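Everything below concerns the one structure shown next.
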Amino acid sequence: MGCKRFACAVCALVMVLASLPFFGCSSSAPEQKPSISVGVAIYNGDDTFISNMMQSLTEIATKYEQDTGIRVYVNLTDAQENQTNQNKQIDRFVSMNYDVLCVNLVDRTDASYTIDRAMDADIPVVFFNREPVQEDLQKWDRVYYVGTDPAENGRLEGQIVVDAYRADPARFDKNGDGIVQYIIIEGEIRHQDAMIRTEVSVQTLKDAGIELEKLDGGIASWVRSQAAALSDQYFEKYGDQIELIICNNDDMALGVIDTVERRGLSFNNIVGIDGTPAGLAAVEQGKMLGTVVIDYAAQAKLIFDLASALAVDGDPGAVTTIGADRTVRAPMYVVKADFIP
Ligand code: BGC
């Protein structure tokens, strides 16, 4: 829903780019660009985290216009989880000579199409959220990636559970066997964040000396309703044996909470990642242990700062620190329920 509203706001911002004065600009153009055009391609507008981030991006673009006097034309396209759609959207941006592309790939292993088109047209690219492989990122020195460090996401998520466990081990050991029986609910199978978050969050518990037993686990592709359905099966099958549910993101944690509430259970040993407004509200209401806030507004700011610097031919290194791996890592922090120290 957020994204549909956002898309309308963007429509209002987007002009017929071909008729803009800077298109095909001649050598008599003033040194300071009067406007910049930013083509933004997202993998799926129904994704809560991405749609929140895009909302922030438009607000940041508006503020930039006010601060600099440079007009910003943001055109947002939604691939609806189809890489072929996204490739066509990229072709269109390139054919209209956009100043910079910001791309949230559908398939993170399929970045070369975008990079090759962009290189031919000399249009810089800022990938975000779905990290291309290093081989692709190293193809051209005008390609960047903005995202969080998924290992740190997982470590912080695991640490929320460690803190809660240390404060009250009994909360995680209903059957008194000294072992935490857990379930893991994962994001998309090929998404780097899902794989790494899962591995590191579980390892963080093990490293803290917590004995674990995995009861079950499955993929809900970041989606609340899928996690609700999956956790319903798990509660049906394992009932009270479940002592902890680790989710790769907040929307899936919220799906588990939907099931808990529908079944009338009192279970809140649930953790997530993202810090979406709904996720934070659930933590505040004590419906889950905590979340790792991937500050989407801060991430949108990094994406925009980098993109606008590239678009006005600025030095991207002046606006943020770019690693040798061509990535920029966005900050994150933890929010825990108030019963956890
Ligand atoms: C977020 C998920 C989101 C996914 C989209 C992840 O980093 O945590 O909520 O669905 O990115 O690619």
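FYI, nothing fancy with the structure tokens labels: chains A, B, ... in order, residues from 1 per chain, ligands from 1 as they appear.
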
Q. When the cut-off is 9 Å and you count only C-alpha atoms and all ligand atoms, which residues lie near ligand 1, shown as a VMD selection string?
A. chain A and resid 43 to 44 47 to 50 104 to 106 128 to 130 147 to 148 150 153 187 to 188 191 to 194 221 to 223 248 to 252 272 to 276 294

Q.
Residues within 8 Å of Leu101 in chain A, please, as a VMD selection string. Count only C-alpha atoms; anything in the same chain fewer than 2 positions from it doesn't count.
A. chain A and resid 38 to 41 93 98 to 99 103 123 to 126 307

(Q) What's the separation between CA of Gln241 in chain A and CA of Glu199 in chain A, in Å to one decimal place? (A) 22.2 Å

**Q.** Shell around Arg262 in chain A at 12 Å using only C-alpha atoms, local window under 5 positions removed, as a VMD selection string
**A.** chain A and resid 228 to 229 231 to 232 235 255 to 257 267

Q. In terms of the shortest atom-to-atom distance over only C-alpha atoms, which of A:Val143, A:Tyr113, A:Gln86, A:Asp177 is closest to Pro316 in chain A?
A.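 Closest candidate: A:Val143.
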
Q: Could you give me the residues within range 128-303 of chain A that DSSP places in alpha helix (DSSP H), as an NGL selection string?
A: :A and (134-137 or 150-167 or 192-207 or 224-238 or 250-262 or 277-284 or 296-303)

Q.
Can you measure CA of Glu236 in chain A to CA of Met288 in chain A for me? One decimal in Å is fine.
A.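 Separation between CA of Glu236 in chain A and CA of Met288 in chain A: 20.1 Å.
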
(Q) DSSP on the backbone, strand (DSSP E) only: what residues of range 105-247 of chain A does that give? Format it as number ranges by chain. (A) A: 125-128, 143-147, 180-186, 212-219, 244-247

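The gap separating CA of Asp141 in chain A from CA of Tyr64 in chain A is 25.2 Å, in Å to one decimal.
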
Q) Which residue, A:Asn269, A:Gln285, A:Thr321, A:Thr259, has the smallest gap to Cys247 in chain A when you use only C-alpha atoms? A) A:Asn269

Q: Counting only C-alpha atoms, figure out which residue out of A:Asn97, A:Ser201, A:Gln299, A:Thr320 gets nearest to Val146 in chain A.
A: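 Among A:Asn97, A:Ser201, A:Gln299, A:Thr320, it is A:Gln299 that comes nearest to Val146 in chain A.
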